[in-house]
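Chemist: This is the content of final34.cif (mmCIF, C-alpha atoms):
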data_model
loop_
_atom_site.label_atom_id
_atom_site.label_comp_id
_atom_site.auth_asym_id
_atom_site.auth_seq_id
_atom_site.Cartn_x
_atom_site.Cartn_y
_atom_site.Cartn_z
CA MET A 1 25.47 178.12 99.18
CA MET A 2 26.73 174.73 98.08
CA ASP A 3 25.92 171.63 100.13
CA ILE A 4 28.72 169.08 100.30
CA ALA A 5 27.85 165.71 101.83
CA PHE A 6 30.85 163.81 103.17
CA VAL A 7 29.64 160.23 103.57
CA ALA A 8 30.70 158.37 106.72
CA TYR A 9 30.29 154.68 107.55
CA PRO A 10 31.82 152.21 110.01
CA GLU A 11 35.48 151.35 109.32
CA MET A 12 35.93 153.95 106.62
CA THR A 13 39.42 155.42 106.29
CA ALA A 14 39.53 158.79 108.08
CA LEU A 15 42.06 160.38 105.73
CA ASP A 16 39.82 159.64 102.71
CA LEU A 17 37.20 161.94 104.21
CA VAL A 18 39.47 164.47 105.93
CA GLY A 19 41.76 165.18 102.94
CA PRO A 20 38.86 166.43 100.77
CA TYR A 21 37.17 168.02 103.81
CA GLU A 22 40.24 170.17 104.43
CA VAL A 23 40.40 171.21 100.77
CA LEU A 24 36.70 171.93 100.22
CA ALA A 25 34.78 172.51 103.47
CA GLY A 26 36.40 175.79 104.47
CA HIS A 27 35.37 177.65 101.31
CA PRO A 28 32.93 180.45 102.23
CA THR A 29 30.27 179.16 99.81
CA VAL A 30 30.30 175.59 101.19
CA ARG A 31 27.94 174.14 103.79
CA PRO A 32 29.61 170.84 104.77
CA SER A 33 27.74 167.89 106.31
CA VAL A 34 29.02 164.54 107.48
CA VAL A 35 26.24 162.12 106.56
CA ALA A 36 25.92 158.57 107.92
CA ALA A 37 23.20 155.99 108.55
CA ARG A 38 22.52 157.80 111.82
CA PRO A 39 23.94 161.05 113.24
CA GLY A 40 26.64 160.56 115.87
CA ALA A 41 29.90 158.71 116.31
CA VAL A 42 31.44 156.77 113.41
CA ARG A 43 34.52 154.65 114.16
CA CYS A 44 37.11 154.64 111.38
CA ASP A 45 39.29 151.67 110.41
CA ALA A 46 42.38 152.83 112.32
CA GLY A 47 40.29 153.71 115.40
CA LEU A 48 39.65 157.45 115.10
CA VAL A 49 36.04 158.48 115.79
CA VAL A 50 34.40 161.28 113.80
CA GLU A 51 30.90 162.64 114.24
CA ALA A 52 28.22 162.45 111.59
CA THR A 53 26.02 165.54 111.67
CA LYS A 54 23.11 164.08 109.67
CA GLY A 55 21.44 160.74 109.02
CA PHE A 56 20.97 159.42 105.48
CA ASP A 57 17.23 160.27 105.59
CA GLU A 58 18.00 163.89 106.51
CA MET A 59 20.07 164.59 103.41
CA LEU A 60 19.04 162.88 100.19
CA ALA A 61 20.32 165.69 98.00
CA ALA A 62 23.60 167.63 98.08
CA ASP A 63 25.45 169.53 95.37
CA VAL A 64 28.58 167.46 95.92
CA VAL A 65 28.98 163.98 97.43
CA VAL A 66 32.34 162.75 98.76
CA VAL A 67 32.73 158.98 99.20
CA PRO A 68 35.67 157.73 101.30
CA GLY A 69 37.05 154.22 101.06
CA SER A 70 37.89 151.66 103.71
CA GLN A 71 40.59 149.09 104.38
CA ARG A 72 37.64 146.68 104.78
CA TRP A 73 35.85 147.77 101.61
CA ARG A 74 34.49 144.30 100.90
CA ARG A 75 32.50 144.50 104.14
CA ALA A 76 31.25 147.97 103.22
CA LEU A 77 30.02 146.56 99.88
CA ASP A 78 27.46 144.54 101.90
CA ASP A 79 25.99 147.70 103.46
CA ALA A 80 22.72 147.95 101.53
CA ALA A 81 21.59 151.18 103.19
CA LEU A 82 24.88 152.86 102.27
CA LEU A 83 24.69 151.72 98.64
CA ALA A 84 21.05 152.80 98.32
CA TRP A 85 21.86 156.23 99.72
CA LEU A 86 24.83 156.58 97.35
CA ALA A 87 22.66 155.74 94.33
CA THR A 88 20.12 158.42 95.30
CA ALA A 89 22.65 161.04 96.36
CA TYR A 90 24.62 160.54 93.15
CA ARG A 91 21.48 161.13 91.05
CA ASN A 92 20.74 164.35 92.95
CA ALA A 93 24.29 165.72 92.95
CA ARG A 94 26.16 167.85 90.47
CA TRP A 95 29.52 166.24 91.33
CA THR A 96 30.57 163.06 93.11
CA LEU A 97 34.12 162.44 94.36
CA SER A 98 35.29 158.99 95.42
CA VAL A 99 38.54 158.42 97.29
CA CYS A 100 40.46 155.14 97.47
CA THR A 101 38.12 152.12 97.57
CA GLY A 102 35.14 154.53 97.70
CA SER A 103 34.92 153.91 93.95
CA THR A 104 34.04 150.24 94.60
CA LEU A 105 31.03 151.48 96.62
CA LEU A 106 29.98 153.79 93.78
CA ALA A 107 30.35 150.91 91.32
CA ALA A 108 28.28 148.60 93.55
CA ALA A 109 25.65 151.35 93.70
CA GLY A 110 25.46 151.21 89.90
CA VAL A 111 27.12 154.55 89.28
CA LEU A 112 30.31 153.40 87.55
CA VAL A 113 29.19 150.52 85.35
CA GLY A 114 31.03 150.85 82.03
CA ARG A 115 32.70 154.07 83.16
CA PRO A 116 36.39 154.86 83.73
CA ALA A 117 37.46 155.22 87.37
CA THR A 118 40.45 154.74 89.63
CA THR A 119 40.80 153.23 93.11
CA HIS A 120 43.40 152.04 95.63
CA TRP A 121 45.91 149.90 93.69
CA ALA A 122 45.03 146.81 95.76
CA ALA A 123 41.33 147.08 94.84
CA ARG A 124 41.66 147.30 91.05
CA GLU A 125 40.48 143.73 90.48
CA ASP A 126 37.46 144.31 92.72
CA LEU A 127 36.56 147.52 90.90
CA ALA A 128 36.80 145.75 87.54
CA ARG A 129 34.56 142.90 88.80
CA LEU A 130 31.99 145.55 89.75
CA GLY A 131 31.84 146.72 86.13
CA ALA A 132 33.96 149.86 86.03
CA LEU A 133 36.68 150.50 83.44
CA VAL A 134 39.66 150.55 85.78
CA ARG A 135 42.28 153.23 85.26
CA THR A 136 45.58 153.43 87.16
CA ASP A 137 45.70 157.24 87.13
CA ARG A 138 45.84 159.13 90.41
CA VAL A 139 42.73 161.14 89.52
CA VAL A 140 40.10 160.30 86.88
CA ILE A 141 37.39 162.73 85.83
CA ASP A 142 34.47 161.17 83.95
CA ASP A 143 31.55 163.52 83.39
CA ASP A 144 30.16 164.12 86.90
CA VAL A 145 32.37 161.65 88.80
CA VAL A 146 35.89 162.39 90.03
CA SER A 147 37.68 159.33 91.40
CA ALA A 148 40.99 159.37 93.25
CA ALA A 149 43.46 156.56 93.95
CA GLY A 150 44.47 155.35 97.44
CA ALA A 151 43.85 157.41 100.61
CA SER A 152 46.30 160.30 100.19
CA ALA A 153 45.07 160.83 96.61
CA GLY A 154 41.90 162.35 98.03
CA ILE A 155 43.81 165.61 98.38
CA ASP A 156 44.76 165.57 94.68
CA GLY A 157 41.21 164.59 93.71
CA ALA A 158 39.63 167.32 95.83
CA LEU A 159 41.93 169.98 94.38
CA SER A 160 40.96 168.85 90.86
CA LEU A 161 37.31 169.04 91.91
CA ALA A 162 37.87 172.51 93.40
CA ALA A 163 39.04 173.71 89.99
CA LEU A 164 35.77 172.40 88.50
CA LEU A 165 33.59 173.85 91.27
CA TRP A 166 35.26 177.27 91.20
CA ASN A 167 38.34 177.83 89.04
CA ALA A 168 42.04 177.00 88.82
CA ALA A 169 43.16 180.10 90.74
CA THR A 170 40.89 179.23 93.67
CA ALA A 171 42.08 175.63 93.67
CA ALA A 172 45.72 176.74 93.57
CA THR A 173 45.10 179.03 96.56
CA LEU A 174 43.54 176.13 98.48
CA GLN A 175 46.62 174.07 97.66
CA LEU A 176 48.86 176.84 99.02
CA ALA A 177 46.75 177.13 102.19
CA LEU A 178 47.44 173.45 102.92
CA GLU A 179 51.08 173.89 101.83
CA TYR A 180 50.58 170.91 99.54
CA ASP A 181 54.07 170.80 98.06
CA PRO A 182 54.69 167.14 98.88
CA MET A 183 58.12 165.62 99.44
CA PRO A 184 57.51 161.96 100.28
CA PRO A 185 60.57 160.61 102.11
CA PHE A 186 60.57 157.39 100.05
CA ASP A 187 60.02 156.61 96.38
CA ALA A 188 57.50 153.96 97.38
CA GLY A 189 54.02 155.41 96.87
CA SER A 190 52.89 153.07 94.08
CA PRO A 191 53.23 149.29 93.64
CA ASP A 192 55.71 149.55 90.75
CA LYS A 193 57.98 151.84 92.79
CA ALA A 194 57.72 150.06 96.14
CA GLY A 195 58.66 146.60 94.94
CA PRO A 196 57.17 143.14 95.50
CA ALA A 197 57.93 142.73 99.23
CA ALA A 198 56.08 145.92 100.20
CA VAL A 199 53.25 145.11 97.78
CA ALA A 200 52.82 141.66 99.31
CA ALA A 201 52.87 143.12 102.85
CA VAL A 202 50.13 145.64 102.07
CA ARG A 203 47.97 143.08 100.23
CA ARG A 204 48.29 140.73 103.22
CA ALA A 205 47.32 143.53 105.65
CA LEU A 206 44.28 144.33 103.48
CA GLY A 207 43.25 140.70 103.18
CA VAL A 208 43.65 140.57 99.40
CA ALA A 209 46.85 138.51 99.32
CA MET B 1 53.26 148.37 122.81
CA MET B 2 53.91 152.00 121.95
CA ASP B 3 51.53 154.72 123.17
CA ILE B 4 50.98 157.54 120.70
CA ALA B 5 49.08 160.57 121.99
CA PHE B 6 47.44 162.62 119.26
CA VAL B 7 46.66 165.96 120.89
CA ALA B 8 43.30 167.54 120.12
CA TYR B 9 42.05 171.04 120.99
CA PRO B 10 39.29 173.36 119.80
CA GLU B 11 39.75 174.72 116.26
CA MET B 12 42.72 172.52 115.46
CA THR B 13 43.12 171.53 111.80
CA ALA B 14 41.74 168.01 111.33
CA LEU B 15 44.18 167.02 108.58
CA ASP B 16 47.15 167.84 110.85
CA LEU B 17 46.01 165.09 113.21
CA VAL B 18 44.54 162.65 110.68
CA GLY B 19 47.51 162.59 108.27
CA PRO B 20 49.90 161.27 110.96
CA TYR B 21 47.12 159.14 112.50
CA GLU B 22 46.67 157.31 109.22
CA VAL B 23 50.42 156.72 108.87
CA LEU B 24 51.16 155.66 112.46
CA ALA B 25 48.05 154.47 114.33
CA GLY B 26 47.40 151.31 112.34
CA HIS B 27 50.79 149.73 113.10
CA PRO B 28 50.27 146.58 115.18
CA THR B 29 52.61 147.82 117.95
CA VAL B 30 50.82 151.18 118.37
CA ARG B 31 48.13 152.01 120.92
CA PRO B 32 46.73 155.36 119.69
CA SER B 33 44.89 157.85 121.92
CA VAL B 34 43.30 161.18 121.07
CA VAL B 35 44.01 163.35 124.10
CA ALA B 36 42.26 166.64 124.85
CA ALA B 37 41.44 168.80 127.88
CA ARG B 38 38.41 166.52 128.38
CA PRO B 39 37.34 163.32 126.60
CA GLY B 40 34.59 163.81 124.02
CA ALA B 41 33.84 165.96 121.01
CA VAL B 42 36.44 168.41 119.67
CA ARG B 43 35.37 170.75 116.89
CA CYS B 44 38.06 171.41 114.27
CA ASP B 45 38.61 174.71 112.45
CA ALA B 46 36.74 173.71 109.27
CA GLY B 47 33.85 172.23 111.29
CA LEU B 48 34.60 168.51 111.47
CA VAL B 49 34.14 166.98 114.93
CA VAL B 50 36.49 164.26 116.20
CA GLU B 51 36.32 162.46 119.52
CA ALA B 52 39.01 162.64 122.17
CA THR B 53 39.36 159.33 123.99
CA LYS B 54 41.26 160.68 127.01
CA GLY B 55 41.56 163.86 129.07
CA PHE B 56 44.94 165.53 129.64
CA ASP B 57 45.04 164.25 133.25
CA GLU B 58 44.52 160.65 132.06
CA MET B 59 47.63 160.57 129.88
CA LEU B 60 50.65 162.52 131.06
CA ALA B 61 53.12 160.15 129.41
CA ALA B 62 53.17 158.62 125.92
CA ASP B 63 56.02 157.29 123.83
CA VAL B 64 55.14 159.63 120.97
CA VAL B 65 53.21 162.93 121.03
CA VAL B 66 51.66 164.37 117.84
CA VAL B 67 50.75 168.08 117.92
CA PRO B 68 48.46 169.40 115.17
CA GLY B 69 48.23 173.06 114.22
CA SER B 70 45.27 175.37 113.73
CA GLN B 71 44.24 178.13 111.39
CA ARG B 72 43.66 180.13 114.59
CA TRP B 73 46.97 179.21 116.21
CA ARG B 74 47.30 182.57 117.95
CA ARG B 75 44.19 181.74 119.95
CA ALA B 76 45.53 178.28 120.77
CA LEU B 77 48.72 179.93 122.10
CA ASP B 78 46.55 181.39 124.91
CA ASP B 79 45.42 177.89 126.02
CA ALA B 80 47.46 177.52 129.22
CA ALA B 81 46.22 173.99 129.98
CA LEU B 82 47.23 172.83 126.50
CA LEU B 83 50.71 174.38 126.76
CA ALA B 84 51.27 172.93 130.24
CA TRP B 85 50.26 169.45 129.05
CA LEU B 86 52.57 169.75 126.02
CA ALA B 87 55.53 170.69 128.23
CA THR B 88 54.94 167.63 130.44
CA ALA B 89 54.14 165.21 127.63
CA TYR B 90 57.22 166.31 125.69
CA ARG B 91 59.46 165.62 128.70
CA ASN B 92 57.96 162.15 129.08
CA ALA B 93 58.00 161.21 125.38
CA ARG B 94 60.66 159.60 123.25
CA TRP B 95 59.52 161.50 120.12
CA THR B 96 57.35 164.55 119.49
CA LEU B 97 55.93 165.42 116.05
CA SER B 98 54.44 168.83 115.32
CA VAL B 99 52.42 169.54 112.19
CA CYS B 100 51.80 172.97 110.67
CA THR B 101 51.42 175.66 113.36
CA GLY B 102 51.66 172.94 116.02
CA SER B 103 55.32 173.97 116.27
CA THR B 104 54.28 177.40 117.59
CA LEU B 105 52.51 175.59 120.45
CA LEU B 106 55.62 173.53 121.19
CA ALA B 107 57.71 176.70 121.13
CA ALA B 108 55.30 178.47 123.48
CA ALA B 109 55.53 175.43 125.77
CA GLY B 110 59.30 176.01 125.94
CA VAL B 111 60.26 172.98 123.86
CA LEU B 112 61.76 174.70 120.81
CA VAL B 113 63.63 177.68 122.25
CA GLY B 114 66.90 177.96 120.32
CA ARG B 115 66.13 174.84 118.30
CA PRO B 116 65.54 174.42 114.53
CA ALA B 117 61.93 173.77 113.49
CA THR B 118 59.53 174.32 110.61
CA THR B 119 55.90 175.43 110.50
CA HIS B 120 53.19 176.61 108.10
CA TRP B 121 54.79 179.23 105.85
CA ALA B 122 52.41 181.93 107.11
CA ALA B 123 53.45 181.34 110.74
CA ARG B 124 57.22 181.61 110.33
CA GLU B 125 57.41 185.07 111.92
CA ASP B 126 55.34 183.87 114.88
CA LEU B 127 57.55 180.81 115.37
CA ALA B 128 60.67 183.01 115.29
CA ARG B 129 59.16 185.39 117.86
CA LEU B 130 58.60 182.37 120.12
CA GLY B 131 62.33 181.63 120.07
CA ALA B 132 62.73 178.79 117.57
CA LEU B 133 65.30 178.80 114.76
CA VAL B 134 62.89 178.81 111.84
CA ARG B 135 63.66 176.54 108.91
CA THR B 136 61.70 176.51 105.65
CA ASP B 137 62.18 172.76 105.07
CA ARG B 138 59.13 170.52 104.75
CA VAL B 139 60.33 168.29 107.60
CA VAL B 140 62.94 169.13 110.25
CA ILE B 141 64.34 166.54 112.64
CA ASP B 142 66.12 167.96 115.69
CA ASP B 143 67.04 165.36 118.31
CA ASP B 144 63.65 164.18 119.65
CA VAL B 145 61.40 166.65 117.79
CA VAL B 146 60.17 166.18 114.23
CA SER B 147 58.40 169.25 112.84
CA ALA B 148 56.47 169.37 109.58
CA ALA B 149 55.39 172.37 107.48
CA GLY B 150 51.75 173.25 106.66
CA ALA B 151 48.86 170.75 107.09
CA SER B 152 49.54 168.25 104.31
CA ALA B 153 53.20 168.02 105.41
CA GLY B 154 52.05 165.99 108.40
CA ILE B 155 52.03 162.94 106.12
CA ASP B 156 55.68 163.54 105.12
CA GLY B 157 56.63 164.21 108.75
CA ALA B 158 54.87 161.08 110.01
CA LEU B 159 56.56 158.90 107.40
CA SER B 160 59.96 160.33 108.44
CA LEU B 161 59.05 159.58 112.06
CA ALA B 162 57.96 156.03 111.11
CA ALA B 163 61.45 155.40 109.76
CA LEU B 164 62.88 156.50 113.13
CA LEU B 165 60.36 154.47 115.17
CA TRP B 166 60.78 151.32 113.08
CA ASN B 167 62.90 151.37 109.94
CA ALA B 168 62.92 152.65 106.36
CA ALA B 169 61.33 149.50 104.90
CA THR B 170 58.39 149.74 107.30
CA ALA B 171 57.92 153.44 106.56
CA ALA B 172 58.04 152.78 102.81
CA THR B 173 55.37 150.10 103.20
CA LEU B 174 53.17 152.54 105.13
CA GLN B 175 53.66 155.04 102.30
CA LEU B 176 52.56 152.40 99.78
CA ALA B 177 49.51 151.48 101.88
CA LEU B 178 48.33 155.11 101.65
CA GLU B 179 49.37 155.22 97.97
CA TYR B 180 51.31 158.37 98.77
CA ASP B 181 52.64 159.07 95.31
CA PRO B 182 51.40 162.64 95.13
CA MET B 183 50.56 164.49 91.93
CA PRO B 184 49.32 167.92 92.99
CA PRO B 185 47.27 169.40 90.15
CA PHE B 186 48.92 172.82 90.49
CA ASP B 187 52.49 173.97 91.07
CA ALA B 188 51.26 176.15 93.89
CA GLY B 189 52.04 174.38 97.16
CA SER B 190 54.57 176.88 98.52
CA PRO B 191 54.56 180.69 98.64
CA ASP B 192 57.38 181.09 96.11
CA LYS B 193 55.56 178.85 93.60
CA ALA B 194 52.03 180.17 94.12
CA GLY B 195 52.78 183.85 93.57
CA PRO B 196 51.86 187.02 95.49
CA ALA B 197 48.08 187.06 94.87
CA ALA B 198 47.55 183.59 96.33
CA VAL B 199 49.96 184.33 99.19
CA ALA B 200 48.05 187.51 100.05
CA ALA B 201 44.70 185.66 99.88
CA VAL B 202 45.84 182.93 102.30
CA ARG B 203 47.43 185.42 104.72
CA ARG B 204 44.18 187.41 104.73
CA ALA B 205 42.14 184.26 105.38
CA LEU B 206 44.46 183.37 108.27
CA GLY B 207 44.36 186.89 109.73
CA VAL B 208 48.09 187.50 109.30
CA ALA B 209 47.85 189.90 106.34
#
In structure tokens, write the structure found in this file.

Modeler:
Amino acid sequence: MMDIAFVAYPEMTALDLVGPYEVLAGHPTVRPSVVAARPGAVRCDAGLVVEATKGFDEMLAADVVVVPGSQRWRRALDDAALLAWLATAYRNARWTLSVCTGSTLLAAAGVLVGRPATTHWAAREDLARLGALVRTDRVVIDDDVVSAAGASAGIDGALSLAALLWNAATAATLQLALEYDPMPPFDAGSPDKAGPAAVAAVRRALGVA
Amino acid sequence: MMDIAFVAYPEMTALDLVGPYEVLAGHPTVRPSVVAARPGAVRCDAGLVVEATKGFDEMLAADVVVVPGSQRWRRALDDAALLAWLATAYRNARWTLSVCTGSTLLAAAGVLVGRPATTHWAAREDLARLGALVRTDRVVIDDDVVSAAGASAGIDGALSLAALLWNAATAATLQLALEYDPMPPFDAGSPDKAGPAAVAAVRRALGVA
């Protein structure tokens, strides 16, 4: 069996955890855990509440660690217990996947210093300040760390990780199970496509204007 | 303010709820609720637990109703309390969005009889048996019902709904906020692309072989 620890913390973005959870957790060889400072309710940034099944001290080692981001990632960067757990869990894991601004947490935990990684487009400057080599790709694989860009990219990142954990045929079957054949209604998913007004609106909403 | 009721029930697929939640619930005019038979923990089909904030009897009317699917949708079709609530909530809502096999629940609740709708590709026969006019599109808009195909299509469906609730510029900005510029690692997101072996594997896993 393979233990996958999905990290949860206050004001994380639910989709960053749930996208990879849906791709990876249902595989018959996977034992998924949602790990937080304490077991119990964790309130996400848009209000949804998910339950952590384990406290940090109950799971210091997992085969795979999944690190969601947050719209309030700068606050999460002050969470010393979270960063300490990430540093330990990363050392004990075979693979670590960050989604969205989750890569800023990994960088602050010392994992990404001098290493290529991606993040939400609005957090690139922050990730660079934390010492990572910022890439603008949707998914970056660097040795034992897979990083994915903003929120929805967690699905792409988890499918890439699935191919590494198992094989391409298994990952393709997982993609089919989720009918991941995307047709976004607008050509607006990245800052260069969406244009300056939308970019400014999102930066304002995220407090990085 | 606009009330959006995200329906939750045992063994639903978490991504079907969370994709639309992430698109819609953060808008400043939205008051989101997770509504289930009883408030409290709801265990999803891959194991994740989310919290319902309201019981069915506490919210019989919302402006928008979001109906997730389930890998075990045939079991959910036997949930009389769920179907009865859906019939009432649909009548009271301005818009209803189904994701994945959520459309089979709407059809069983009498909402989609003789109306065009989409669903997870493996549930098309079931949706037809329940009286809907099955489409294979990723998103179908028919009057006041938006239906989306399998799991991940909830993001596409919710963005289409956002354009109807607000306008195209707002929906495009929401798409940018989630960096929804998908790059699936495999060309395997639909049954015709994935090939017969993957199709057979998913149908087996879903018990519709």

Chemist: Per residue of chain B within 8 Å of chain A, which atom pair is closest and at what distance in Å (one decimal), using all atoms listed in the file, listed by chain and increasing number, as CSV?

Modeler:
residue,atom,partner,partner_atom,distance
B:Ala14,CA,A:Val18,CA,6.8
B:Leu15,CA,A:Val18,CA,6.0
B:Val18,CA,A:Leu15,CA,6.0
B:Gly19,CA,A:Leu15,CA,6.4
B:Tyr21,CA,A:Ala46,CA,7.9
B:Glu22,CA,A:Leu15,CA,6.5
B:Ala25,CA,A:Ala46,CA,6.2
B:Gly26,CA,A:Ala46,CA,5.2
B:Pro32,CA,A:Gly47,CA,7.9
B:Val34,CA,A:Leu48,CA,7.9
B:Ala46,CA,A:Gly26,CA,5.2
B:Gly47,CA,A:Ala25,CA,7.9
B:Leu48,CA,A:Glu51,CA,7.5
B:Val49,CA,A:Glu51,CA,5.5
B:Val50,CA,A:Val50,CA,4.4
B:Glu51,CA,A:Val49,CA,5.5
B:His120,CA,A:Glu179,CA,7.2
B:Trp121,CA,A:Glu179,CA,7.6
B:Arg138,CA,A:Met183,CA,7.3
B:Ala149,CA,A:Glu179,CA,7.3
B:Gly150,CA,A:Glu179,CA,4.9
B:Ala151,CA,A:Leu178,CA,5.2
B:Ser152,CA,A:Tyr180,CA,5.6
B:Ala153,CA,A:Pro182,CA,6.8
B:Asp156,CA,A:Pro184,CA,5.4
B:Leu159,CA,A:Pro185,CA,6.9
B:Ser160,CA,A:Pro185,CA,6.4
B:Ala169,CA,A:Ala198,CA,7.9
B:Ala172,CA,A:Ala188,CA,5.6
B:Thr173,CA,A:Ala198,CA,5.2
B:Gln175,CA,A:Gly189,CA,5.5
B:Leu176,CA,A:Gly189,CA,4.4
B:Ala177,CA,A:Val202,CA,5.9
B:Leu178,CA,A:Ala151,CA,5.1
B:Glu179,CA,A:Gly189,CA,4.8
B:Tyr180,CA,A:Gly189,CA,4.4
B:Asp181,CA,A:Gly189,CA,4.2
B:Pro182,CA,A:Pro182,CA,6.7
B:Met183,CA,A:Asp156,CA,6.5
B:Pro184,CA,A:Asp156,CA,5.4
B:Pro185,CA,A:Ser160,CA,6.4
B:Phe186,CA,A:Ala172,CA,5.9
B:Asp187,CA,A:Ala172,CA,7.7
B:Ala188,CA,A:Ala172,CA,5.6
B:Gly189,CA,A:Asp181,CA,4.2
B:Ser190,CA,A:Glu179,CA,5.7
B:Pro191,CA,A:Leu176,CA,6.9
B:Ala194,CA,A:Leu176,CA,6.7
B:Ala198,CA,A:Thr173,CA,5.2
B:Val199,CA,A:Leu176,CA,7.6
B:Ala201,CA,A:Thr173,CA,7.4
B:Val202,CA,A:Ala177,CA,5.9

Chemist: As a VMD selection string, please: the residues near Leu130 (chain B) (cut-off 8 Å, all atoms listed in the file, same-chain neighbours under 2 positions excluded).

Modeler: chain B and resid 104 107 to 108 113 126 to 128 132

Chemist: Residues of the last selection are to be written out with C-alpha atoms, as a compact mmCIF listing (two decimals), in the coordinates of the input.

Modeler:
# COMPACT_ATOMS: atom_id res chain seq x y z
CA THR B 104 54.28 177.40 117.59
CA ALA B 107 57.71 176.70 121.13
CA ALA B 108 55.30 178.47 123.48
CA VAL B 113 63.63 177.68 122.25
CA ASP B 126 55.34 183.87 114.88
CA LEU B 127 57.55 180.81 115.37
CA ALA B 128 60.67 183.01 115.29
CA ALA B 132 62.73 178.79 117.57

Chemist: Calculate how many Å separate CA of Ala5 (chain B) from CA of Trp73 (chain B), rounding to one decimal.

Modeler: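 So the two atoms, CA of Ala5 (chain B) and CA of Trp73 (chain B), lie 19.6 Å apart.
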
Chemist: Between CA of Phe6 (chain A) and CA of Met12 (chain B), what is the distance, to one decimal in Å?

Modeler: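 For CA of Phe6 (chain A) relative to CA of Met12 (chain B), the distance reads 19.2 Å.
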
Chemist: For a cutoff of 8 Å around the file-coordinate point (24.6, 159.8, 105.8), which residues qualify once you count all atoms listed in the file? I'd like the result as a VMD selection string.

Modeler: chain A and resid 5 to 9 34 to 39 52 54 to 59 82 85

Chemist: Which residue out of A:Gly131, A:Val146, A:Pro28, A:Asp78 has the minimum interatomic distance to Val65 (chain A) when all atoms listed in the file are used?

Modeler: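 Smallest separation from Val65 (chain A) among the options: A:Val146.
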
Chemist: Of the candidates B:Leu83, B:Asn92, B:Arg124, B:Thr118, which shows the shortest atom-to-atom distance to Leu105 (chain B), using all atoms listed in the file?

Modeler: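 Looking only at the distances to Leu105 (chain B), the closest residue turns out to be B:Leu83.
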
Chemist: What does the structure give for the distance between CA of Ala109 (chain B) and CA of Asp79 (chain B), in Å to one decimal?

Modeler: 10.4 Å

Chemist: Just want the 7 Å neighbourhood of Ala117 (chain B), counted on all atoms listed in the file, with same-chain residues fewer than 6 positions away dropped. Output as a ChimeraX atom specification.

Modeler: /B:132-135,140,147

Chemist: Work out where the centre of an axis-aligned box around every listed atom of region 128-140 of chain A lies and how long its edges are once 4 Å is added on each side; give both in Å to one decimal as JSON.

Modeler:
{"center_x": 38.8, "center_y": 152.0, "center_z": 86.9, "size_x": 22.0, "size_y": 26.2, "size_z": 15.0}

Chemist: Please expand the PyMOL selection byres ((chain A and resi 145) around 8) into the concrete residues it hits in this file, giving the result as a PDB file with C-alpha atoms, keeping the file's coordinate frame.

Modeler:
ATOM      1  CA  TRP A  95      29.520 166.240  91.330  1.00  0.00           C
ATOM      2  CA  THR A  96      30.570 163.060  93.110  1.00  0.00           C
ATOM      3  CA  LEU A  97      34.120 162.440  94.360  1.00  0.00           C
ATOM      4  CA  SER A  98      35.290 158.990  95.420  1.00  0.00           C
ATOM      5  CA  ILE A 141      37.390 162.730  85.830  1.00  0.00           C
ATOM      6  CA  ASP A 142      34.470 161.170  83.950  1.00  0.00           C
ATOM      7  CA  ASP A 143      31.550 163.520  83.390  1.00  0.00           C
ATOM      8  CA  ASP A 144      30.160 164.120  86.900  1.00  0.00           C
ATOM      9  CA  VAL A 146      35.890 162.390  90.030  1.00  0.00           C
ATOM     10  CA  SER A 147      37.680 159.330  91.400  1.00  0.00           C
TER      11      SER A 147
END

Chemist: Could you write region 109-117 of chain A as a compact mmCIF listing (two decimals), in the coordinates of the input, with N, CA and C atoms rebuilt where they are missing?

Modeler:
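Result file is out31.txt:
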# COMPACT_ATOMS: atom_id res chain seq x y z
N ALA A 109 26.91 150.61 93.72
CA ALA A 109 25.65 151.35 93.70
C ALA A 109 25.17 151.61 92.29
N GLY A 110 25.89 151.09 91.30
CA GLY A 110 25.46 151.21 89.90
C GLY A 110 25.93 152.44 89.19
N VAL A 111 26.74 153.25 89.85
CA VAL A 111 27.12 154.55 89.28
C VAL A 111 28.22 154.41 88.23
N LEU A 112 29.10 153.42 88.38
CA LEU A 112 30.31 153.40 87.55
C LEU A 112 30.32 152.27 86.51
N VAL A 113 29.21 151.64 86.30
CA VAL A 113 29.19 150.52 85.35
C VAL A 113 29.53 151.02 83.95
N GLY A 114 30.59 150.45 83.37
CA GLY A 114 31.03 150.85 82.03
C GLY A 114 31.71 152.20 81.97
N ARG A 115 32.07 152.74 83.15
CA ARG A 115 32.70 154.07 83.16
C ARG A 115 34.11 154.01 83.72
N PRO A 116 35.02 154.86 83.23
CA PRO A 116 36.39 154.86 83.73
C PRO A 116 36.47 155.41 85.15
N ALA A 117 37.28 154.77 85.98
CA ALA A 117 37.46 155.22 87.37
C ALA A 117 38.75 154.62 87.91
